[in-house]
>>> print(open('entry.csv').read())   # CSV, N, CA and C atoms
chain,number,residue,atom,x,y,z
A,6,MET,N,27.5,-19.4,45.0
A,6,MET,CA,28.3,-19.3,43.7
A,6,MET,C,27.3,-19.0,42.6
A,7,VAL,N,27.6,-17.9,41.9
A,7,VAL,CA,26.8,-17.5,40.7
A,7,VAL,C,27.5,-18.0,39.5
A,8,VAL,N,26.8,-18.8,38.7
A,8,VAL,CA,27.4,-19.4,37.5
A,8,VAL,C,27.0,-18.5,36.3
A,9,ARG,N,28.0,-18.1,35.5
A,9,ARG,CA,27.8,-17.4,34.3
A,9,ARG,C,28.1,-18.2,33.1
A,10,ILE,N,27.4,-18.1,32.0
A,10,ILE,CA,27.7,-18.7,30.7
A,10,ILE,C,28.4,-17.6,29.9
A,11,ARG,N,29.7,-17.7,29.6
A,11,ARG,CA,30.4,-16.6,29.0
A,11,ARG,C,31.4,-17.2,28.0
A,12,LEU,N,32.1,-16.3,27.3
A,12,LEU,CA,33.1,-16.6,26.3
A,12,LEU,C,34.5,-16.6,26.9
A,13,ALA,N,35.3,-17.5,26.6
A,13,ALA,CA,36.7,-17.5,26.9
A,13,ALA,C,37.5,-17.4,25.6
A,14,ARG,N,38.4,-16.5,25.5
A,14,ARG,CA,39.1,-16.2,24.3
A,14,ARG,C,40.3,-17.1,24.1
A,15,PHE,N,40.4,-17.7,22.9
A,15,PHE,CA,41.5,-18.5,22.5
A,15,PHE,C,42.0,-17.9,21.1
A,16,GLY,N,43.0,-18.6,20.5
A,16,GLY,CA,43.5,-18.2,19.2
A,16,GLY,C,44.6,-17.2,19.4
A,17,CYS,N,45.1,-16.7,18.3
A,17,CYS,CA,46.3,-15.8,18.4
A,17,CYS,C,45.8,-14.3,18.1
A,18,ARG,N,46.8,-13.4,18.0
A,18,ARG,CA,46.5,-12.0,17.8
A,18,ARG,C,45.8,-11.8,16.5
A,19,ASN,N,44.7,-11.1,16.5
A,19,ASN,CA,43.9,-10.7,15.3
A,19,ASN,C,43.2,-11.9,14.7
A,20,ARG,N,43.2,-13.1,15.4
A,20,ARG,CA,42.4,-14.2,14.9
A,20,ARG,C,41.8,-14.9,16.1
A,21,PRO,N,40.7,-14.2,16.7
A,21,PRO,CA,40.1,-14.7,17.9
A,21,PRO,C,39.3,-16.0,17.6
A,22,PHE,N,39.2,-16.8,18.7
A,22,PHE,CA,38.4,-18.0,18.7
A,22,PHE,C,37.8,-18.1,20.1
A,23,TYR,N,36.6,-18.3,20.3
A,23,TYR,CA,36.0,-18.3,21.6
A,23,TYR,C,35.4,-19.7,21.9
A,24,ARG,N,35.5,-20.1,23.2
A,24,ARG,CA,34.7,-21.2,23.7
A,24,ARG,C,33.6,-20.7,24.6
A,25,VAL,N,32.5,-21.3,24.5
A,25,VAL,CA,31.3,-21.0,25.4
A,25,VAL,C,31.5,-21.8,26.6
A,26,MET,N,31.6,-21.2,27.8
A,26,MET,CA,31.9,-21.9,29.0
A,26,MET,C,30.9,-21.6,30.1
A,27,ALA,N,30.7,-22.5,31.0
A,27,ALA,CA,30.0,-22.3,32.2
A,27,ALA,C,31.1,-22.1,33.3
A,28,ALA,N,31.1,-20.9,34.0
A,28,ALA,CA,32.1,-20.6,34.9
A,28,ALA,C,31.6,-19.9,36.1
A,29,ASP,N,32.3,-19.9,37.2
A,29,ASP,CA,32.0,-19.1,38.4
A,29,ASP,C,32.2,-17.6,38.0
A,30,SER,N,31.3,-16.7,38.4
A,30,SER,CA,31.4,-15.3,38.0
A,30,SER,C,32.7,-14.7,38.6
A,31,ARG,N,33.3,-15.2,39.6
A,31,ARG,CA,34.4,-14.6,40.2
A,31,ARG,C,35.7,-15.1,39.5
A,32,SER,N,35.7,-16.1,38.7
A,32,SER,CA,36.9,-16.6,38.1
A,32,SER,C,37.3,-15.7,36.9
A,33,PRO,N,38.6,-15.6,36.5
A,33,PRO,CA,38.9,-14.8,35.4
A,33,PRO,C,38.4,-15.3,34.0
A,34,ARG,N,38.4,-14.4,33.0
A,34,ARG,CA,37.8,-14.7,31.7
A,34,ARG,C,38.3,-16.1,31.1
A,35,ASP,N,39.7,-16.2,31.1
A,35,ASP,CA,40.3,-17.4,30.5
A,35,ASP,C,40.7,-18.4,31.6
A,36,GLY,N,40.2,-18.3,32.8
A,36,GLY,CA,40.6,-19.1,33.9
A,36,GLY,C,39.8,-20.3,34.1
A,37,LYS,N,39.6,-20.7,35.4
A,37,LYS,CA,39.0,-22.0,35.7
A,37,LYS,C,37.5,-21.9,35.3
A,38,HIS,N,37.0,-23.0,34.7
A,38,HIS,CA,35.7,-23.1,34.3
A,38,HIS,C,35.0,-24.4,34.8
A,39,LEU,N,33.7,-24.5,34.7
A,39,LEU,CA,33.0,-25.7,35.2
A,39,LEU,C,32.8,-26.7,34.0
A,40,GLU,N,32.5,-26.2,32.9
A,40,GLU,CA,32.2,-27.0,31.7
A,40,GLU,C,32.3,-26.2,30.4
A,41,VAL,N,32.8,-26.9,29.4
A,41,VAL,CA,32.8,-26.3,28.0
A,41,VAL,C,31.5,-26.6,27.4
A,42,LEU,N,30.8,-25.6,26.9
A,42,LEU,CA,29.4,-25.8,26.3
A,42,LEU,C,29.4,-25.7,24.8
A,43,GLY,N,30.5,-25.2,24.2
A,43,GLY,CA,30.5,-25.0,22.8
A,43,GLY,C,31.6,-24.1,22.3
A,44,TYR,N,31.6,-23.6,21.1
A,44,TYR,CA,32.6,-22.7,20.5
A,44,TYR,C,31.9,-21.7,19.6
A,45,TYR,N,32.6,-20.6,19.4
A,45,TYR,CA,32.2,-19.6,18.5
A,45,TYR,C,33.4,-19.0,17.8
A,46,ASN,N,33.3,-19.0,16.5
A,46,ASN,CA,34.4,-18.4,15.7
A,46,ASN,C,33.8,-17.2,14.9
A,47,PRO,N,34.2,-15.9,15.4
A,47,PRO,CA,33.6,-14.7,14.8
A,47,PRO,C,34.1,-14.4,13.4
A,48,LEU,N,35.3,-15.0,13.0
A,48,LEU,CA,35.8,-14.7,11.7
A,48,LEU,C,35.0,-15.5,10.6
A,49,PRO,N,34.7,-14.9,9.5
A,49,PRO,CA,33.9,-15.6,8.5
A,49,PRO,C,34.7,-16.6,7.8
A,50,GLY,N,34.1,-17.7,7.5
A,50,GLY,CA,34.7,-18.8,6.8
A,50,GLY,C,34.7,-18.6,5.3
A,51,LYS,N,35.0,-19.6,4.5
A,51,LYS,CA,35.0,-19.4,3.0
A,51,LYS,C,33.6,-19.2,2.5
A,52,ASP,N,32.6,-19.6,3.2
A,52,ASP,CA,31.2,-19.4,2.8
A,52,ASP,C,30.7,-18.0,3.3
A,53,GLY,N,31.5,-17.3,4.1
A,53,GLY,CA,31.1,-16.0,4.6
A,53,GLY,C,30.3,-16.1,5.9
A,54,GLY,N,30.1,-17.3,6.4
A,54,GLY,CA,29.3,-17.4,7.7
A,54,GLY,C,30.2,-17.6,8.9
A,55,LYS,N,29.7,-17.2,10.0
A,55,LYS,CA,30.4,-17.4,11.3
A,55,LYS,C,30.2,-18.8,11.8
A,56,ARG,N,31.2,-19.5,12.3
A,56,ARG,CA,31.0,-20.8,12.8
A,56,ARG,C,30.6,-20.8,14.3
A,57,MET,N,29.7,-21.7,14.6
A,57,MET,CA,29.2,-21.8,16.0
A,57,MET,C,28.8,-23.2,16.3
A,58,GLY,N,29.1,-23.8,17.4
A,58,GLY,CA,28.7,-25.1,17.8
A,58,GLY,C,28.3,-25.1,19.3
A,59,LEU,N,27.2,-25.6,19.7
A,59,LEU,CA,26.7,-25.6,21.1
A,59,LEU,C,26.2,-27.0,21.4
A,60,LYS,N,26.4,-27.4,22.7
A,60,LYS,CA,25.8,-28.6,23.3
A,60,LYS,C,24.5,-28.1,23.8
A,61,PHE,N,23.4,-28.3,23.1
A,61,PHE,CA,22.1,-27.7,23.4
A,61,PHE,C,21.6,-28.3,24.7
A,62,ASP,N,21.7,-29.6,25.0
A,62,ASP,CA,21.2,-30.1,26.2
A,62,ASP,C,21.9,-29.6,27.4
A,63,ARG,N,23.2,-29.4,27.3
A,63,ARG,CA,24.0,-28.9,28.5
A,63,ARG,C,23.7,-27.4,28.7
A,64,VAL,N,23.5,-26.6,27.6
A,64,VAL,CA,23.2,-25.2,27.8
A,64,VAL,C,21.8,-25.1,28.4
A,65,LYS,N,20.8,-25.9,28.0
A,65,LYS,CA,19.5,-25.9,28.6
A,65,LYS,C,19.6,-26.2,30.1
A,66,TYR,N,20.4,-27.2,30.4
A,66,TYR,CA,20.6,-27.6,31.8
A,66,TYR,C,21.1,-26.4,32.6
A,67,TRP,N,22.2,-25.8,32.2
A,67,TRP,CA,22.7,-24.7,33.0
A,67,TRP,C,21.8,-23.5,33.1
A,68,LEU,N,21.0,-23.2,32.0
A,68,LEU,CA,20.0,-22.2,32.1
A,68,LEU,C,18.9,-22.6,33.1
A,69,SER,N,18.6,-23.9,33.2
A,69,SER,CA,17.5,-24.3,34.1
A,69,SER,C,17.9,-24.2,35.5
A,70,VAL,N,19.2,-24.4,35.8
A,70,VAL,CA,19.6,-24.3,37.2
A,70,VAL,C,20.0,-22.9,37.6
A,71,GLY,N,19.8,-21.9,36.7
A,71,GLY,CA,20.0,-20.5,37.1
A,71,GLY,C,21.2,-19.8,36.6
A,72,ALA,N,22.0,-20.4,35.7
A,72,ALA,CA,23.2,-19.7,35.1
A,72,ALA,C,22.7,-18.5,34.3
A,73,GLN,N,23.5,-17.4,34.4
A,73,GLN,CA,23.2,-16.2,33.7
A,73,GLN,C,24.1,-16.0,32.5
A,74,PRO,N,23.6,-15.9,31.3
A,74,PRO,CA,24.4,-15.7,30.1
A,74,PRO,C,24.9,-14.3,30.1
A,75,SER,N,26.2,-14.1,29.6
A,75,SER,CA,26.7,-12.7,29.4
A,75,SER,C,26.0,-12.2,28.1
A,76,ASP,N,26.2,-10.9,27.9
A,76,ASP,CA,25.5,-10.2,26.8
A,76,ASP,C,25.9,-10.9,25.4
A,77,PRO,N,27.2,-11.1,25.1
A,77,PRO,CA,27.5,-11.7,23.8
A,77,PRO,C,26.9,-13.2,23.7
A,78,VAL,N,27.0,-13.9,24.8
A,78,VAL,CA,26.4,-15.3,24.8
A,78,VAL,C,24.9,-15.2,24.7
A,79,GLN,N,24.3,-14.2,25.2
A,79,GLN,CA,22.8,-14.1,25.1
A,79,GLN,C,22.4,-13.9,23.6
A,80,SER,N,23.2,-13.1,22.9
A,80,SER,CA,22.9,-12.9,21.5
A,80,SER,C,23.2,-14.2,20.7
A,81,ILE,N,24.2,-14.9,21.1
A,81,ILE,CA,24.5,-16.2,20.4
A,81,ILE,C,23.4,-17.2,20.6
A,82,LEU,N,22.9,-17.3,21.9
A,82,LEU,CA,21.8,-18.2,22.2
A,82,LEU,C,20.5,-17.8,21.6
A,83,PHE,N,20.3,-16.5,21.3
A,83,PHE,CA,19.1,-16.1,20.6
A,83,PHE,C,19.2,-16.5,19.2
A,84,ARG,N,20.4,-16.4,18.5
A,84,ARG,CA,20.5,-16.8,17.1
A,84,ARG,C,20.4,-18.3,17.0
A,85,ALA,N,20.8,-19.1,18.1
A,85,ALA,CA,20.6,-20.5,18.1
A,85,ALA,C,19.2,-21.0,18.4
A,86,GLY,N,18.4,-20.0,18.9
A,86,GLY,CA,17.0,-20.4,19.1
A,86,GLY,C,16.7,-20.9,20.5
A,87,LEU,N,17.7,-20.7,21.5
A,87,LEU,CA,17.5,-21.1,22.8
A,87,LEU,C,16.9,-20.1,23.8
A,88,LEU,N,17.0,-18.8,23.4
A,88,LEU,CA,16.5,-17.7,24.3
A,88,LEU,C,15.6,-16.8,23.5
A,89,PRO,N,14.7,-16.1,24.2
A,89,PRO,CA,14.0,-15.1,23.5
A,89,PRO,C,14.9,-13.9,23.1
A,90,PRO,N,14.4,-13.0,22.2
A,90,PRO,CA,15.3,-11.9,21.9
A,90,PRO,C,15.6,-11.0,23.0
A,91,PRO,N,16.8,-10.4,23.1
A,91,PRO,CA,17.1,-9.5,24.2
A,91,PRO,C,16.4,-8.2,23.9
A,92,PRO,N,16.0,-7.4,25.0
A,92,PRO,CA,15.3,-6.2,24.8
A,92,PRO,C,16.2,-5.1,24.1
A,93,LEU,N,15.6,-4.4,23.1
A,93,LEU,CA,16.4,-3.4,22.4
A,93,LEU,C,15.8,-2.0,22.8
A,94,LEU,N,16.7,-1.0,22.7
A,94,LEU,CA,16.2,0.3,23.0
A,94,LEU,C,16.5,1.2,21.7
A,95,ALA,N,15.5,2.1,21.4
A,95,ALA,CA,15.6,2.9,20.2
A,95,ALA,C,16.3,4.2,20.6
A,96,MET,N,17.1,4.7,19.7
A,96,MET,CA,17.7,6.1,19.9
A,96,MET,C,16.9,7.0,19.0
A,97,ALA,N,16.5,8.2,19.6
A,97,ALA,CA,15.8,9.2,18.8
A,97,ALA,C,16.7,9.8,17.8
A,98,ARG,N,17.9,10.3,18.3
A,98,ARG,CA,18.9,10.8,17.4
A,98,ARG,C,20.3,10.6,18.0
A,99,LYS,N,21.3,10.7,17.3
A,99,LYS,CA,22.7,10.4,17.8
A,99,LYS,C,23.0,11.4,18.8
A,100,GLY,N,23.4,10.9,20.0
A,100,GLY,CA,23.8,11.7,21.1
A,100,GLY,C,22.7,12.2,21.9
A,101,GLY,N,21.4,12.0,21.5
A,101,GLY,CA,20.3,12.5,22.2
A,101,GLY,C,19.8,11.5,23.2
A,102,PRO,N,18.7,11.8,23.9
A,102,PRO,CA,18.2,10.9,24.9
A,102,PRO,C,17.6,9.7,24.2
A,103,ARG,N,17.7,8.6,24.9
A,103,ARG,CA,17.1,7.3,24.4
A,103,ARG,C,15.6,7.2,24.6
A,104,ASP,N,15.0,6.6,23.7
A,104,ASP,CA,13.6,6.3,23.8
A,104,ASP,C,13.5,5.0,24.6
A,105,ARG,N,12.8,5.0,25.7
A,105,ARG,CA,12.9,3.8,26.6
A,105,ARG,C,11.8,2.8,26.3
A,106,ARG,N,11.1,2.9,25.2
A,106,ARG,CA,10.1,1.9,24.8
A,106,ARG,C,10.8,0.7,24.3
A,107,PRO,N,10.3,-0.5,24.6
A,107,PRO,CA,10.9,-1.7,24.0
A,107,PRO,C,10.7,-1.7,22.5
A,108,ILE,N,11.6,-2.4,21.8
A,108,ILE,CA,11.5,-2.5,20.3
A,108,ILE,C,11.2,-3.9,19.9
A,109,HIS,N,10.3,-4.1,18.9
A,109,HIS,CA,10.0,-5.4,18.4
A,109,HIS,C,11.2,-5.9,17.6
A,110,PRO,N,11.8,-7.1,18.0
A,110,PRO,CA,13.1,-7.5,17.4
A,110,PRO,C,13.0,-7.8,15.9
A,111,MET,N,11.9,-8.1,15.4
A,111,MET,CA,11.9,-8.5,13.9
A,111,MET,C,11.6,-7.3,13.0
A,112,THR,N,10.7,-6.4,13.5
A,112,THR,CA,10.3,-5.2,12.7
A,112,THR,C,11.1,-4.0,13.0
A,113,GLY,N,11.6,-3.8,14.3
A,113,GLY,CA,12.4,-2.7,14.7
A,113,GLY,C,11.5,-1.5,15.1
A,114,ARG,N,10.2,-1.7,15.2
A,114,ARG,CA,9.3,-0.6,15.6
A,114,ARG,C,9.0,-0.7,17.1
A,115,PRO,N,8.8,0.5,17.7
A,115,PRO,CA,8.5,0.5,19.1
A,115,PRO,C,7.2,-0.2,19.5
A,116,LEU,N,7.2,-0.9,20.6
A,116,LEU,CA,6.0,-1.6,21.1
A,116,LEU,C,5.2,-0.6,22.0
A,117,ASP,N,3.9,-0.8,22.2
A,117,ASP,CA,3.2,0.0,23.1
A,117,ASP,C,3.5,-0.4,24.5
A,118,LEU,N,2.8,0.2,25.5
A,118,LEU,CA,3.1,0.0,26.9
A,118,LEU,C,2.9,-1.5,27.3
A,119,GLU,N,1.9,-2.1,26.8
A,119,GLU,CA,1.6,-3.5,27.1
A,119,GLU,C,2.6,-4.5,26.5
A,120,GLY,N,3.3,-4.0,25.4
A,120,GLY,CA,4.3,-4.9,24.7
A,120,GLY,C,3.6,-5.9,23.8
A,121,VAL,N,2.4,-5.7,23.4
A,121,VAL,CA,1.7,-6.6,22.6
A,121,VAL,C,1.5,-6.1,21.2
A,122,ALA,N,1.0,-4.9,21.0
A,122,ALA,CA,0.7,-4.4,19.7
A,122,ALA,C,1.9,-3.6,19.2
A,123,ILE,N,2.0,-3.5,17.9
A,123,ILE,CA,3.1,-2.8,17.2
A,123,ILE,C,2.5,-1.4,16.8
A,124,ILE,N,3.2,-0.3,17.2
A,124,ILE,CA,2.8,1.0,16.8
A,124,ILE,C,3.3,1.3,15.4
A,125,ASP,N,2.4,1.6,14.5
A,125,ASP,CA,2.8,1.8,13.1
A,125,ASP,C,2.3,3.2,12.7
A,126,ASN,N,3.2,4.1,12.6
A,126,ASN,CA,2.9,5.5,12.2
A,126,ASN,C,3.4,5.8,10.8
A,127,SER,N,3.7,4.7,10.0
A,127,SER,CA,4.2,4.9,8.7
A,127,SER,C,3.1,5.4,7.7
A,128,ASN,N,1.8,5.2,8.0
A,128,ASN,CA,0.7,5.6,7.1
A,128,ASN,C,0.3,7.0,7.4
A,129,ALA,N,0.6,7.6,8.6
A,129,ALA,CA,0.2,8.9,8.9
A,129,ALA,C,1.0,10.0,8.2
A,130,PRO,N,0.4,11.1,7.7
A,130,PRO,CA,1.1,12.1,7.1
A,130,PRO,C,2.1,12.8,8.1
A,131,GLU,N,3.1,13.5,7.5
A,131,GLU,CA,4.1,14.1,8.4
A,131,GLU,C,3.5,15.2,9.4
A,132,GLY,N,2.6,16.0,8.9
A,132,GLY,CA,2.1,17.1,9.8
A,132,GLY,C,0.9,16.7,10.6
A,133,ASP,N,0.3,15.5,10.4
A,133,ASP,CA,-0.9,15.1,11.0
A,133,ASP,C,-0.5,14.4,12.3
A,134,THR,N,-0.8,15.0,13.5
A,134,THR,CA,-0.6,14.4,14.8
A,134,THR,C,-1.8,14.5,15.6
A,135,GLU,N,-2.7,13.5,15.4
A,135,GLU,CA,-3.9,13.4,16.2
A,135,GLU,C,-3.8,12.7,17.5
A,136,VAL,N,-4.4,13.2,18.5
A,136,VAL,CA,-4.4,12.6,19.8
A,136,VAL,C,-5.8,12.1,20.1
A,137,PRO,N,-6.0,10.9,20.5
A,137,PRO,CA,-7.4,10.4,20.8
A,137,PRO,C,-8.0,11.3,21.9
A,138,THR,N,-9.3,11.5,21.9
A,138,THR,CA,-10.0,12.4,22.8
A,138,THR,C,-10.0,12.0,24.2
A,139,ASP,N,-9.9,10.6,24.5
A,139,ASP,CA,-9.9,10.1,25.8
A,139,ASP,C,-8.6,10.3,26.5
A,140,GLU,N,-7.5,10.6,25.8
A,140,GLU,CA,-6.2,10.7,26.4
A,140,GLU,C,-5.7,12.2,26.5
A,141,VAL,N,-6.6,13.1,26.1
A,141,VAL,CA,-6.2,14.5,26.2
A,141,VAL,C,-6.2,15.0,27.6
A,142,ALA,N,-5.1,15.6,28.0
A,142,ALA,CA,-5.0,16.1,29.4
A,142,ALA,C,-5.8,17.4,29.5
A,143,GLN,N,-6.6,17.6,30.6
A,143,GLN,CA,-7.4,18.7,30.7
A,143,GLN,C,-7.1,19.5,32.0
>>> encode(input="entry.csv", output="structure tokens")
Amino acid sequence: MVVRIRLARFGCRNRPFYRVMAADSRSPRDGKHLEVLGYYNPLPGKDGGKRMGLKFDRVKYWLSVGAQPSDPVQSILFRAGLLPPPPLLAMARKGGPRDRRPIHPMTGRPLDLEGVAIIDNSNAPEGDTEVPTDEVAQ
């Protein structure tokens, strides 16, 4: 049995409200669940913020036993500080091929192959494209 942490939709039409649930991956979206882990209200309140509440200890437990969060739940858990940032891909241009290098989540710049250093080409002039001599193909 594969356990997924996912959102179950409640509320009425045009006013969604979600519960964060641990459920079997084969069960329907709003069907049988194992445990309710929190809630998420995507509509902004009077202060303009989105409401969210999680049971941190239970979420940590389900993640420790191997539950897989869905993509929306993964972003919610990242904002709550429970997960590292999800990998981002950069687009070169709209409709064009994607750049497959990972993106640093805070700066938005591509990471090098090791994923440690940030490539910063903002200081280089437009026409200047220098290639290091040890990487030149011969």
>>> residues_around(input="entry.csv", residues="Pro47 of chain A", least_positions_apart="3", cutoff="6 Å", atoms="all atoms listed in the file", output="PyMOL selection string")
chain A and resi 21-23+55-56
>>> atom_distance(input="entry.csv", atom1="atom CA of Arg24 of chain A", atom2="atom CA of Gly43 of chain A")
5.7 Å
>>> atom_distance(input="entry.csv", atom1="atom CA of Val70 of chain A", atom2="atom CA of Val8 of chain A")
9.2 Å
>>> atom_distance(input="entry.csv", atom1="atom N of Val41 of chain A", atom2="atom CA of Gly53 of chain A")
27.1 Å
>>> residues_around(input="entry.csv", residues="Leu59 of chain A", least_positions_apart="6", cutoff="10 Å", atoms="only C-alpha atoms", output="count of residues only")
10
>>> closest_residue(input="entry.csv", among="A:Leu39, A:Val64, A:Leu12, A:Ala27", to="Val78 of chain A", atoms="only C-alpha atoms")
A:Leu12
>>> residues_around(input="entry.csv", residues="Gly71 of chain A", least_positions_apart="2", cutoff="8 Å", atoms="only N, CA and C atoms", output="MDAnalysis selection string")
chainID A and resid 7:10 65:69 73:74
